[in-house]
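Notes follow the structure.
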Amino acid sequence: MIPERSLEVLRAIVNDYIESNEPVGSKSLVERHQFGVSAATIRNDMALLEDEKLIHAPHTSAGRVPTDKGYRLFVDQLQQVKPLSSAEKTVFENFLSDSADLDETLSRAVRSLSQLTNQVAIVQYPSLGKAKVATVELIAVADTRLLLILVTDSARVQQHIIELGQLVDLEFVSELKSRLSAMLVGQPLTSVSDRLSGFMQGFQLDKGVQVQLVVDALLDQVDSSRQEKILLAGTANLARREADFAGSLLPVLEAIDEQVVLLKLLAEMQDDANGVAVRIGTENSVAGLSGATILASGYENQGSEIAKVGLLGPTRMNYSQNISAVRAVARYLTRALSNQ
């Protein structure tokens with residue numbers, strides 16, 4: 001078990017290293033922090049931390065830097081997550097207010113999170129498996145064209161123009177919309193295909209082509225929603241912090257370019273006591289991210305988690321501030337979806 005003072009020394013080393021990006025020595029620790037003991041005692045604490053593989057010497061200097069294990073213990077011991085400042089909250093809320101739909105909401109969220117933290121921000125779209133049909137609309141937009149709108153309960157909106165090849169029969173369009181709504185609203189997107197399998201029955205033969213066009217378009221929209229995806233913002237921040245990644249930055253860029261890999265990683269992450277999941281360095285199952293830290297928190301709709309929002313950056317990051325930012329964006333998205 002690590003003595004409390006040694007933990008205090010570890011916290012000081014992590015904070016000083018994050019701030020200065022320079023190895024931390026016993027002399028600077030004594031000068032910067034009120035431990036109430038001599039530099040020799042601090043050196044003993046540092047030796048203990050090194051024996052426990054919580055810090056190491058990057059070269060022959062007297063300074064030490066945290067290891068992945070040291071960062072992990074630091075994060076686990078965080079007693080207080082730094083809240084967003086009033087100015088940050090104001091900018092954040094003003095930027096994110098009045099989003100028209102889910103696409104705009106997520107786009108603004110990922111950009112604002114990246115700007116707040118100077119890291120790569122990640123926002124996952126709500127998954128198909130947890131979404132239900134909220135609205136089906138058919139609107140005549142021209143003599144021979146219909147606008148089909150599919151809205152899910154996660155506020156995702158899909159629109160498609162259908163060319164009928166003949167004049168729109170408004171009475172028939174109203175009937176078609178009513179039948180589709182009665183059959184699909186409130187049902188999971190995963191069941192739409194099965195529910196539409198016998199939908200052609202009951203319509204006049206001369207309307208068959210139009211019904212089929214609408215059904216095909218609706219199934220295409222569902223299939224488009226089926227493709228899980230994520231949004232990224234701030235990838236250029238990695239280049240600005242390239243020195244914080246050992247060796248080449250290329251493996252990190254290749255890893256985040258593979259959305260399937262990121263989606264799998266996000267699915268594996270579970271929130272901790274601070275409401276944010278943290279994977280540090282070699283804790284990441286993706287080899288290309290073994291020098292990076294990923295933070296993620298789930299956002300909800302109707303009381304259930306539907307997707308995640310997070311950050312990716314070097315292991316030398318401001319954990320307290322970044323955890324707070326990720327948590328704030330997750331809460332905003334939950335609130336925004338409940339209002340849409």
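Just remember, in the structure tokens the first chain shown is A, the second B, etc., residues are 1-based per chain, and ligands are 1-based in the order shown.
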- Message: as a VMD selection string, please: every residue in segment 56-252 of chain A that a backbone DSSP assignment puts in helix (DSSP H, G or I).
- Response: chain A and resid 68 to 76 86 to 96 102 to 117 128 to 130 170 to 184 189 to 195 205 to 226 236 to 240 242 to 244 250 to 252
- segment 90-213 of chain A: residues DSSP assigns to strand (DSSP E), reported as a ChimeraX atom specification: /A:120-124,133-142,145-152,157-163
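For the choices A:Val75, A:Leu180, A:Leu29, A:Leu150, the atom-to-atom distance to Arg279 of chain A is smallest for A:Val75 when using only C-alpha atoms.
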- Item | For Ile139 of chain A: contacts at 12 Å, only C-alpha atoms, fewer than 6 positions along chain excluded, given as a ChimeraX atom specification | /A:145-150,159-162,168-174,176-177,214
- Write out as a VMD selection string the residues lying within 7 Å of Gly63 of chain A, counting only C-alpha atoms and excluding same-chain residues fewer than 6 positions away. chain A and resid 23 to 25 57
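Comparing A:Gly303, A:Gly198, A:Ile230, A:Ser324 by their smallest distance to Val260 of chain A, the closest is A:Ile230 (using only C-alpha atoms).
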- Message: Considering only C-alpha atoms, can you say which of A:Arg156, A:Arg316, A:Arg111, A:Lys264 comes closest to Tyr125 of chain A?
- Response: A:Arg156
- atom CA of Leu266 of chain A to atom CA of Val286 of chain A, straight-line distance in Å: 11.4 Å
- Message: I'd like the contact shell of Ala182 of chain A - 12 Å cut-off, only C-alpha atoms, skipping same-chain residues fewer than 6 positions apart - returned as a list in words.
- Response: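 What passes the distance filter is Val133, Ala134, Thr135, Val136, Glu137, Glu175, Leu176, Arg195, Leu196 and Phe199 of chain A.
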Store the residues of this selection in a file with C-alpha atoms, as a PDB file, in the first residue's frame.
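Output (again-v7.pdb):
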```pdb
ATOM      1  CA  VAL A 133     -39.583   5.567 -34.999  1.00  0.00           C
ATOM      2  CA  ALA A 134     -40.969   8.867 -33.740  1.00  0.00           C
ATOM      3  CA  THR A 135     -42.491  10.325 -36.906  1.00  0.00           C
ATOM      4  CA  VAL A 136     -43.077   9.380 -40.544  1.00  0.00           C
ATOM      5  CA  GLU A 137     -44.028  12.265 -42.847  1.00  0.00           C
ATOM      6  CA  GLU A 175     -53.852   7.575 -46.529  1.00  0.00           C
ATOM      7  CA  LEU A 176     -50.364   6.179 -47.113  1.00  0.00           C
ATOM      8  CA  ARG A 195     -43.344  -4.745 -40.410  1.00  0.00           C
ATOM      9  CA  LEU A 196     -43.307  -3.499 -43.998  1.00  0.00           C
ATOM     10  CA  PHE A 199     -47.512  -3.527 -46.452  1.00  0.00           C
TER      11      PHE A 199
END
```
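Across A:Ile13, A:Ala142, A:Ala121, A:Ala292, the tightest approach to Gly234 of chain A is made by A:Ala121 when counting only C-alpha atoms.
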Select from segment 225-314 of chain A every residue with an atom at most 12 Å from any atom of segment 77-88 of chain A, then for each give the shortest pair of atoms and their distance in Å to one decimal, using only C-alpha atoms, rows by chain and rising number, as a tab-separated table.
```
residue	atom	partner	partner_atom	distance
A:Asp272	CA	A:Leu78	CA	11.2
A:Ala273	CA	A:Leu78	CA	9.8
A:Asn274	CA	A:Val81	CA	7.7
A:Gly275	CA	A:Val81	CA	10.5
A:Val276	CA	A:Val81	CA	10.8
```
Selected residues, N, CA, C and O atoms, written as a tab-separated table (two decimals), in the first residue's frame, please.
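Printed below is again12.tsv as written:
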```tsv
chain	number	residue	atom	x	y	z
A	272	ASP	N	-16.57	5.62	-14.65
A	272	ASP	CA	-16.09	5.42	-13.29
A	272	ASP	C	-16.88	6.28	-12.32
A	272	ASP	O	-17.96	6.78	-12.64
A	273	ALA	N	-16.34	6.49	-11.12
A	273	ALA	CA	-17.05	7.25	-10.09
A	273	ALA	C	-17.29	8.70	-10.49
A	273	ALA	O	-18.23	9.34	-10.00
A	274	ASN	N	-16.46	9.22	-11.39
A	274	ASN	CA	-16.63	10.60	-11.85
A	274	ASN	C	-17.58	10.69	-13.05
A	274	ASN	O	-17.77	11.77	-13.60
A	275	GLY	N	-18.15	9.57	-13.46
A	275	GLY	CA	-19.07	9.58	-14.59
A	275	GLY	C	-18.40	9.57	-15.94
A	275	GLY	O	-19.05	9.81	-16.96
A	276	VAL	N	-17.11	9.28	-15.97
A	276	VAL	CA	-16.34	9.27	-17.22
A	276	VAL	C	-15.42	8.05	-17.21
A	276	VAL	O	-14.76	7.76	-16.21
```
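Residues in contact range of segment 35-52 of chain A, defined as at most 8 Å between only C-alpha atoms, with sequence neighbours fewer than 3 positions away removed, read Arg5, Ser6, Val9, Leu10, Ser26, Lys27, Leu29, Val30, Ile55 and His56 of chain A.
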